[in-house]
file start-v7.cif (mmCIF, C-alpha atoms)
data_structure
loop_
_atom_site.label_atom_id
_atom_site.label_comp_id
_atom_site.auth_asym_id
_atom_site.auth_seq_id
_atom_site.Cartn_x
_atom_site.Cartn_y
_atom_site.Cartn_z
CA MET A 13 0.00 0.00 0.00
CA GLU A 14 1.34 3.40 -1.00
CA LEU A 15 0.36 6.63 0.75
CA LYS A 16 1.26 10.27 0.26
CA ILE A 17 3.61 11.87 2.75
CA LEU A 18 2.14 15.19 3.86
CA SER A 19 3.58 18.22 5.57
CA LEU A 20 1.77 19.91 8.46
CA ASP A 21 0.52 22.47 5.94
CA GLY A 22 -1.31 19.73 4.02
CA LYS A 23 1.08 19.74 1.05
CA GLN A 24 2.48 16.56 -0.47
CA ALA A 25 6.10 15.88 0.43
CA GLY A 26 6.64 12.51 -1.23
CA SER A 27 5.21 9.03 -0.89
CA ALA A 28 5.74 6.01 1.35
CA THR A 29 5.04 2.32 0.94
CA LEU A 30 3.40 0.59 3.89
CA PRO A 31 4.78 -2.94 4.39
CA ASP A 32 2.14 -5.64 3.84
CA ALA A 33 3.39 -7.66 6.83
CA ILE A 34 2.27 -4.84 9.15
CA PHE A 35 -0.52 -2.96 7.39
CA ALA A 36 -2.17 -5.49 5.05
CA LEU A 37 -3.29 -8.30 7.36
CA GLU A 38 -6.93 -9.33 7.58
CA PRO A 39 -7.89 -7.89 10.99
CA ARG A 40 -8.81 -10.45 13.65
CA LYS A 41 -11.25 -9.00 16.16
CA ASP A 42 -10.52 -11.70 18.73
CA LEU A 43 -6.83 -10.80 18.95
CA ILE A 44 -7.56 -7.09 19.13
CA GLN A 45 -10.18 -7.63 21.84
CA ARG A 46 -7.80 -9.76 23.93
CA CYS A 47 -5.16 -7.04 23.82
CA VAL A 48 -7.61 -4.24 24.66
CA ASN A 49 -8.96 -6.23 27.63
CA TRP A 50 -5.38 -6.86 28.79
CA GLN A 51 -4.56 -3.14 28.61
CA LEU A 52 -7.70 -2.01 30.42
CA ALA A 53 -7.33 -4.66 33.12
CA LYS A 54 -3.82 -3.39 33.89
CA ARG A 55 -5.20 0.14 34.34
CA GLN A 56 -7.66 -0.85 37.05
CA ARG A 57 -6.41 0.14 40.49
CA GLY A 58 -8.27 -2.62 42.30
CA THR A 59 -8.59 -0.58 45.51
CA HIS A 60 -12.32 -1.23 45.96
CA LYS A 61 -12.94 -2.67 49.41
CA VAL A 62 -15.72 -3.53 51.86
CA LYS A 63 -15.48 -4.46 55.52
CA PHE A 64 -15.77 -8.11 56.32
CA LYS A 65 -17.09 -9.60 59.55
CA ASP A 66 -13.73 -9.54 61.34
CA GLU A 67 -13.19 -5.84 60.49
CA ILE A 68 -16.42 -4.47 62.00
CA ASN A 69 -15.93 -2.36 65.13
CA ARG A 70 -18.72 -3.90 67.19
CA THR A 71 -18.83 -6.17 70.20
CA SER A 72 -18.60 -9.87 69.55
CA LYS A 73 -20.65 -10.69 72.65
CA LYS A 74 -23.56 -13.05 72.12
CA MET A 75 -26.66 -10.95 71.48
CA TYR A 76 -28.94 -12.74 73.95
CA ARG A 77 -29.17 -16.06 75.72
CA GLN A 78 -29.30 -19.24 73.71
CA LYS A 79 -32.64 -20.60 74.87
CA GLY A 80 -35.97 -19.30 76.00
CA THR A 81 -36.36 -16.19 73.83
CA GLY A 82 -38.22 -17.82 70.94
CA SER A 83 -35.79 -16.16 68.54
CA ALA A 84 -33.04 -17.50 66.36
CA ARG A 85 -29.82 -18.60 68.07
CA HIS A 86 -27.72 -15.60 67.09
CA GLY A 87 -24.18 -14.97 68.21
CA SER A 88 -22.19 -11.84 67.29
CA ALA A 89 -23.86 -8.73 65.88
CA ARG A 90 -20.98 -8.41 63.39
CA VAL A 91 -22.50 -11.00 61.07
CA PRO A 92 -23.91 -9.95 57.67
CA GLN A 93 -27.54 -10.60 58.65
CA PHE A 94 -27.66 -7.42 60.73
CA ARG A 95 -27.55 -3.78 59.75
CA GLY A 96 -24.01 -2.50 60.29
CA GLY A 97 -22.58 -6.02 60.04
CA GLY A 98 -19.90 -7.21 57.66
CA ARG A 99 -20.34 -7.93 53.98
CA VAL A 100 -20.19 -11.34 52.34
CA PHE A 101 -18.40 -11.83 49.00
CA GLY A 102 -17.80 -8.08 48.62
CA PRO A 103 -14.93 -6.61 46.61
CA HIS A 104 -11.48 -6.71 48.14
CA VAL A 105 -8.13 -5.16 47.24
CA ARG A 106 -6.58 -7.09 44.38
CA SER A 107 -4.87 -6.74 41.04
CA HIS A 108 -7.03 -7.16 37.94
CA ALA A 109 -4.01 -7.66 35.67
CA HIS A 110 -3.60 -10.88 33.75
CA ASP A 111 -0.92 -12.22 31.45
CA LEU A 112 -0.91 -12.00 27.67
CA PRO A 113 1.97 -13.53 25.68
CA LYS A 114 4.34 -11.06 24.08
CA LYS A 115 3.85 -12.59 20.63
CA VAL A 116 0.08 -12.19 20.93
CA ARG A 117 0.51 -8.52 21.87
CA ALA A 118 2.79 -7.91 18.88
CA LEU A 119 0.37 -9.67 16.54
CA ALA A 120 -2.59 -7.71 17.92
CA LEU A 121 -0.72 -4.45 17.28
CA ARG A 122 -0.14 -5.43 13.65
CA HIS A 123 -3.81 -6.36 13.27
CA ALA A 124 -4.88 -3.01 14.78
CA LEU A 125 -2.60 -1.17 12.33
CA SER A 126 -4.01 -3.25 9.47
CA ALA A 127 -7.58 -2.46 10.56
CA LYS A 128 -6.81 1.25 10.58
CA ALA A 129 -5.16 1.01 7.14
CA LYS A 130 -8.14 -0.94 5.76
CA ASP A 131 -10.49 1.83 6.93
CA GLY A 132 -8.31 4.49 5.32
CA GLY A 133 -7.54 6.03 8.69
CA ILE A 134 -3.74 6.37 8.36
CA ILE A 135 -1.94 9.61 7.49
CA ILE A 136 1.83 9.85 6.98
CA LEU A 137 3.49 13.10 8.10
CA GLU A 138 6.91 14.24 7.02
CA THR A 139 7.75 15.58 10.49
CA ALA A 140 5.84 16.60 13.62
CA THR A 141 7.55 19.88 14.43
CA VAL A 142 6.42 23.44 15.12
CA LYS A 143 8.63 26.45 15.67
CA ASP A 144 7.04 28.39 18.51
CA GLY A 145 4.79 25.75 20.10
CA LYS A 146 1.58 27.77 19.75
CA THR A 147 -1.60 25.74 20.12
CA LYS A 148 -3.63 28.05 17.86
CA GLU A 149 -1.15 27.72 15.00
CA LEU A 150 -1.05 23.92 15.32
CA LEU A 151 -4.86 23.79 15.43
CA ASN A 152 -5.01 25.67 12.12
CA ARG A 153 -2.58 23.20 10.57
CA PHE A 154 -4.62 20.27 11.84
CA GLY A 155 -7.64 21.87 10.17
CA LYS A 156 -5.84 21.75 6.81
CA LEU A 157 -5.16 18.03 7.37
CA GLY A 158 -8.72 17.37 8.56
CA LEU A 159 -7.55 16.14 11.98
CA GLU A 160 -10.16 16.44 14.71
CA ASN A 161 -9.76 13.10 16.48
CA ALA A 162 -6.32 11.56 16.04
CA LEU A 163 -3.41 9.68 17.57
CA ILE A 164 -0.06 11.09 16.44
CA ILE A 165 2.96 8.80 16.66
CA ASP A 166 6.42 10.32 16.32
CA GLY A 167 9.87 8.74 16.42
CA ALA A 168 11.89 7.82 19.50
CA GLN A 169 11.47 11.36 20.86
CA VAL A 170 8.49 13.70 20.52
CA GLU A 171 9.56 17.28 19.92
CA ALA A 172 8.82 19.23 23.11
CA THR A 173 7.32 22.28 21.35
CA PHE A 174 4.97 20.07 19.30
CA ALA A 175 3.87 18.10 22.39
CA ASN A 176 3.25 21.34 24.32
CA ALA A 177 1.21 22.81 21.48
CA ALA A 178 -0.89 19.65 21.06
CA ARG A 179 -1.59 18.82 24.70
CA ASN A 180 -4.45 21.33 25.06
CA ILE A 181 -6.22 20.24 21.87
CA PRO A 182 -9.12 17.90 22.71
CA ASN A 183 -9.19 14.43 21.14
CA ILE A 184 -5.55 14.66 20.02
CA ASP A 185 -2.96 12.30 21.57
CA VAL A 186 0.78 12.45 20.90
CA LEU A 187 3.06 9.50 21.71
CA PRO A 188 6.57 8.34 20.85
CA VAL A 189 6.76 5.19 18.77
CA GLN A 190 7.58 3.11 21.87
CA GLY A 191 4.17 4.04 23.31
CA ILE A 192 2.06 2.91 20.36
CA ASN A 193 -0.67 0.56 21.57
CA VAL A 194 -3.82 -1.16 20.37
CA TYR A 195 -6.30 0.67 22.62
CA ASP A 196 -5.18 4.19 21.66
CA ILE A 197 -5.12 3.27 17.95
CA LEU A 198 -8.74 2.12 18.10
CA ARG A 199 -10.11 4.95 20.24
CA ARG A 200 -9.09 7.64 17.75
CA GLN A 201 -10.48 8.09 14.25
CA LYS A 202 -7.15 8.80 12.57
CA LEU A 203 -3.67 7.39 13.09
CA VAL A 204 -0.94 9.84 12.11
CA LEU A 205 2.54 8.37 11.67
CA THR A 206 5.61 10.46 11.04
CA LYS A 207 8.22 9.14 8.61
CA ALA A 208 10.46 8.39 11.60
CA ALA A 209 7.68 6.41 13.29
CA LEU A 210 7.01 4.39 10.12
CA ASP A 211 10.71 3.52 9.80
CA ALA A 212 10.82 2.50 13.48
CA LEU A 213 7.77 0.24 13.08
CA GLU A 214 9.30 -1.43 10.02
CA ALA A 215 12.51 -2.09 11.98
CA ARG A 216 10.54 -3.38 14.98
CA PHE A 217 8.56 -5.98 13.02
CA LYS A 218 11.33 -6.91 10.61
#
call {"tool": "encode", "arguments": {"input": "start-v7.cif", "output": "structure tokens"}}
result
Amino acid sequence: MELKILSLDGKQAGSATLPDAIFALEPRKDLIQRCVNWQLAKRQRGTHKVKFKDEINRTSKKMYRQKGTGSARHGSARVPQFRGGGRVFGPHVRSHAHDLPKKVRALALRHALSAKAKDGGIIILETATVKDGKTKELLNRFGKLGLENALIIDGAQVEATFANAARNIPNIDVLPVQGINVYDILRRQKLVLTKAALDALEARFK
């Protein structure tokens, strides 16, 4: 697949060939879903917590005598049957993370890139640089490219002025190529790759 390389002003600055091994696979939804679930599970803090019976600050003395009351033979008031008692099977502090093989993650990333290429959602930029780091100026340039909801992937380092100018623009994410991931690719309408990012991806999956 061949795409035009554009400048930030929307002018053509050459062309680039997307390697079929990365951008021309038939997308597999199951692989992509597994990777997204893995990413989101890692993000969960898992700090939700309820108090169990042994954590309730209440006397453990038997509520009333065993026989002669005509009532059930209750013991402590900390039990879940009573208001203010402990919870049963409530959430507890834990990690929601689970394992996903490295090869599956790499394959899911290629399938996500292929899905975005199949939908025509990939734009190749010559460079992601701005001189003065003004958000208004960058917003005007994005308007020329038709970028309203996009993930921008640069090379090993994102230029500081470009990152500063883009960080206040809603629905625009900027990441170095090491940070490219399945979830962020799918949650944005457009995927913008700089020439440096494209070269780095080719080297990574070679």
call {"tool": "closest_residue", "arguments": {"input": "start-v7.cif", "among": "A:Lys156, A:Lys23, A:Lys16, A:Arg57", "to": "Arg106 of chain A", "atoms": "all atoms listed in the file"}}
result
A:Arg57
call {"tool": "residues_around", "arguments": {"input": "start-v7.cif", "residues": "Arg99 of chain A", "least_positions_apart": "2", "cutoff": "7 Å", "atoms": "all atoms listed in the file", "output": "PyMOL selection string"}}
result
chain A and resi 62-65+92+97+101-102
call {"tool": "residues_around", "arguments": {"input": "start-v7.cif", "residues": "Asp196 of chain A", "least_positions_apart": "5", "cutoff": "12 Å", "atoms": "all atoms listed in the file", "output": "PyMOL selection string"}}
result
chain A and resi 44+47-48+51-52+121+124-125+128+161-165+183-187+191+201-204
call {"tool": "closest_residue", "arguments": {"input": "start-v7.cif", "among": "A:Ala89, A:Arg153, A:Glu138, A:Ala109", "to": "Arg55 of chain A", "atoms": "all atoms listed in the file"}}
result
A:Ala109
call {"tool": "closest_residue", "arguments": {"input": "start-v7.cif", "among": "A:Gln190, A:Thr139, A:Asn152, A:Ser83", "to": "Leu205 of chain A", "atoms": "all atoms listed in the file"}}
result
A:Thr139
call {"tool": "atom_distance", "arguments": {"input": "start-v7.cif", "atom1": "atom CA of Lys61 of chain A", "atom2": "atom CA of His110 of chain A"}}
result
20.0 Å
call {"tool": "residues_around", "arguments": {"input": "start-v7.cif", "residues": "segment 71-76 of chain A", "least_positions_apart": "5", "cutoff": "9 Å", "atoms": "all atoms listed in the file", "output": "PDB file with C-alpha atoms, keeping the file's coordinate frame"}}
result
ATOM      1  CA  THR A  81     -36.360 -16.190  73.830  1.00  0.00           C
ATOM      2  CA  ARG A  85     -29.820 -18.600  68.070  1.00  0.00           C
ATOM      3  CA  HIS A  86     -27.720 -15.600  67.090  1.00  0.00           C
ATOM      4  CA  GLY A  87     -24.180 -14.970  68.210  1.00  0.00           C
ATOM      5  CA  SER A  88     -22.190 -11.840  67.290  1.00  0.00           C
ATOM      6  CA  ALA A  89     -23.860  -8.730  65.880  1.00  0.00           C
ATOM      7  CA  ARG A  90     -20.980  -8.410  63.390  1.00  0.00           C
TER       8      ARG A  90
END
call {"tool": "closest_residue", "arguments": {"input": "start-v7.cif", "among": "A:Ile34, A:Leu150, A:Ile68, A:Ala212", "to": "Phe94 of chain A", "atoms": "only C-alpha atoms"}}
result
A:Ile68
call {"tool": "resolve_selection", "arguments": {"input": "start-v7.cif", "expression": "the PyMOL selection byres ((chain A and resi 118) around 12)", "output": "PDB file with C-alpha atoms, in the coordinates of the input"}}
result
ATOM      1  CA  ILE A  34       2.270  -4.840   9.150  1.00  0.00           C
ATOM      2  CA  LEU A  43      -6.830 -10.800  18.950  1.00  0.00           C
ATOM      3  CA  ILE A  44      -7.560  -7.090  19.130  1.00  0.00           C
ATOM      4  CA  ARG A  46      -7.800  -9.760  23.930  1.00  0.00           C
ATOM      5  CA  CYS A  47      -5.160  -7.040  23.820  1.00  0.00           C
ATOM      6  CA  LEU A 112      -0.910 -12.000  27.670  1.00  0.00           C
ATOM      7  CA  PRO A 113       1.970 -13.530  25.680  1.00  0.00           C
ATOM      8  CA  LYS A 114       4.340 -11.060  24.080  1.00  0.00           C
ATOM      9  CA  LYS A 115       3.850 -12.590  20.630  1.00  0.00           C
ATOM     10  CA  VAL A 116       0.080 -12.190  20.930  1.00  0.00           C
ATOM     11  CA  ARG A 117       0.510  -8.520  21.870  1.00  0.00           C
ATOM     12  CA  LEU A 119       0.370  -9.670  16.540  1.00  0.00           C
ATOM     13  CA  ALA A 120      -2.590  -7.710  17.920  1.00  0.00           C
ATOM     14  CA  LEU A 121      -0.720  -4.450  17.280  1.00  0.00           C
ATOM     15  CA  ARG A 122      -0.140  -5.430  13.650  1.00  0.00           C
ATOM     16  CA  HIS A 123      -3.810  -6.360  13.270  1.00  0.00           C
ATOM     17  CA  ALA A 124      -4.880  -3.010  14.780  1.00  0.00           C
ATOM     18  CA  LEU A 125      -2.600  -1.170  12.330  1.00  0.00           C
ATOM     19  CA  ILE A 192       2.060   2.910  20.360  1.00  0.00           C
ATOM     20  CA  ASN A 193      -0.670   0.560  21.570  1.00  0.00           C
ATOM     21  CA  VAL A 194      -3.820  -1.160  20.370  1.00  0.00           C
ATOM     22  CA  LEU A 213       7.770   0.240  13.080  1.00  0.00           C
ATOM     23  CA  ARG A 216      10.540  -3.380  14.980  1.00  0.00           C
ATOM     24  CA  PHE A 217       8.560  -5.980  13.020  1.00  0.00           C
ATOM     25  CA  LYS A 218      11.330  -6.910  10.610  1.00  0.00           C
TER      26      LYS A 218
END
call {"tool": "atom_distance", "arguments": {"input": "start-v7.cif", "atom1": "atom CA of Glu67 of chain A", "atom2": "atom CA of Val91 of chain A"}}
result
10.7 Å
call {"tool": "atom_distance", "arguments": {"input": "start-v7.cif", "atom1": "atom CA of Lys148 of chain A", "atom2": "atom CA of Asn180 of chain A"}}
result
9.9 Å
call {"tool": "closest_residue", "arguments": {"input": "start-v7.cif", "among": "A:Leu159, A:Ile17, A:Ala140, A:Leu30", "to": "Pro182 of chain A", "atoms": "all atoms listed in the file"}}
result
A:Leu159
call {"tool": "closest_residue", "arguments": {"input": "start-v7.cif", "among": "A:Gly133, A:Pro31, A:Pro188, A:Gly155", "to": "Gln169 of chain A", "atoms": "all atoms listed in the file"}}
result
A:Pro188
call {"tool": "build_atoms", "arguments": {"input": "start-v7.cif", "residues": "segment 78-94 of chain A", "atoms": "N, CA, C and O atoms", "output": "mmCIF file, in the frame of the given file"}}
result
data_model
loop_
_atom_site.group_PDB
_atom_site.id
_atom_site.type_symbol
_atom_site.label_atom_id
_atom_site.label_comp_id
_atom_site.auth_asym_id
_atom_site.auth_seq_id
_atom_site.Cartn_x
_atom_site.Cartn_y
_atom_site.Cartn_z
ATOM 1 N N GLN A 78 -29.080 -18.231 74.740
ATOM 2 C CA GLN A 78 -29.300 -19.240 73.710
ATOM 3 C C GLN A 78 -30.738 -19.729 73.673
ATOM 4 O O GLN A 78 -31.314 -19.853 72.609
ATOM 5 N N LYS A 79 -31.310 -19.965 74.833
ATOM 6 C CA LYS A 79 -32.640 -20.600 74.870
ATOM 7 C C LYS A 79 -33.663 -19.696 75.567
ATOM 8 O O LYS A 79 -33.316 -18.804 76.341
ATOM 9 N N GLY A 80 -34.893 -19.933 75.260
ATOM 10 C CA GLY A 80 -35.970 -19.300 76.000
ATOM 11 C C GLY A 80 -36.504 -18.019 75.412
ATOM 12 O O GLY A 80 -37.504 -17.494 75.890
ATOM 13 N N THR A 81 -35.872 -17.468 74.382
ATOM 14 C CA THR A 81 -36.360 -16.190 73.830
ATOM 15 C C THR A 81 -37.350 -16.396 72.699
ATOM 16 O O THR A 81 -38.067 -15.469 72.328
ATOM 17 N N GLY A 82 -37.362 -17.581 72.103
ATOM 18 C CA GLY A 82 -38.220 -17.820 70.940
ATOM 19 C C GLY A 82 -37.650 -17.252 69.661
ATOM 20 O O GLY A 82 -38.308 -17.281 68.622
ATOM 21 N N SER A 83 -36.442 -16.740 69.719
ATOM 22 C CA SER A 83 -35.790 -16.160 68.540
ATOM 23 C C SER A 83 -34.672 -17.075 68.044
ATOM 24 O O SER A 83 -34.309 -18.053 68.704
ATOM 25 N N ALA A 84 -34.138 -16.713 66.926
ATOM 26 C CA ALA A 84 -33.040 -17.500 66.360
ATOM 27 C C ALA A 84 -31.835 -17.461 67.285
ATOM 28 O O ALA A 84 -31.663 -16.526 68.069
ATOM 29 N N ARG A 85 -30.977 -18.489 67.154
ATOM 30 C CA ARG A 85 -29.820 -18.600 68.070
ATOM 31 C C ARG A 85 -28.646 -17.793 67.519
ATOM 32 O O ARG A 85 -27.691 -18.334 66.985
ATOM 33 N N HIS A 86 -28.765 -16.473 67.626
ATOM 34 C CA HIS A 86 -27.720 -15.600 67.090
ATOM 35 C C HIS A 86 -26.533 -15.502 68.026
ATOM 36 O O HIS A 86 -26.668 -15.648 69.251
ATOM 37 N N GLY A 87 -25.382 -15.196 67.421
ATOM 38 C CA GLY A 87 -24.180 -14.970 68.210
ATOM 39 C C GLY A 87 -23.797 -13.496 68.111
ATOM 40 O O GLY A 87 -24.489 -12.613 68.614
ATOM 41 N N SER A 88 -22.697 -13.201 67.404
ATOM 42 C CA SER A 88 -22.190 -11.840 67.290
ATOM 43 C C SER A 88 -23.094 -10.976 66.405
ATOM 44 O O SER A 88 -23.719 -11.447 65.457
ATOM 45 N N ALA A 89 -23.109 -9.678 66.707
ATOM 46 C CA ALA A 89 -23.860 -8.730 65.880
ATOM 47 C C ALA A 89 -23.043 -8.269 64.673
ATOM 48 O O ALA A 89 -23.506 -7.442 63.889
ATOM 49 N N ARG A 90 -21.821 -8.797 64.522
ATOM 50 C CA ARG A 90 -20.980 -8.410 63.390
ATOM 51 C C ARG A 90 -21.345 -9.163 62.100
ATOM 52 O O ARG A 90 -20.831 -8.857 61.032
ATOM 53 N N VAL A 91 -22.213 -10.141 62.212
ATOM 54 C CA VAL A 91 -22.500 -11.000 61.070
ATOM 55 C C VAL A 91 -23.308 -10.243 60.012
ATOM 56 O O VAL A 91 -23.964 -9.243 60.317
ATOM 57 N N PRO A 92 -23.278 -10.701 58.762
ATOM 58 C CA PRO A 92 -23.910 -9.950 57.670
ATOM 59 C C PRO A 92 -25.427 -9.829 57.765
ATOM 60 O O PRO A 92 -26.016 -8.976 57.105
ATOM 61 N N GLN A 93 -26.074 -10.649 58.586
ATOM 62 C CA GLN A 93 -27.540 -10.600 58.650
ATOM 63 C C GLN A 93 -28.061 -9.312 59.283
ATOM 64 O O GLN A 93 -29.227 -8.968 59.110
ATOM 65 N N PHE A 94 -27.198 -8.591 60.013
ATOM 66 C CA PHE A 94 -27.660 -7.420 60.730
ATOM 67 C C PHE A 94 -27.149 -6.126 60.092
ATOM 68 O O PHE A 94 -26.054 -6.097 59.516
#
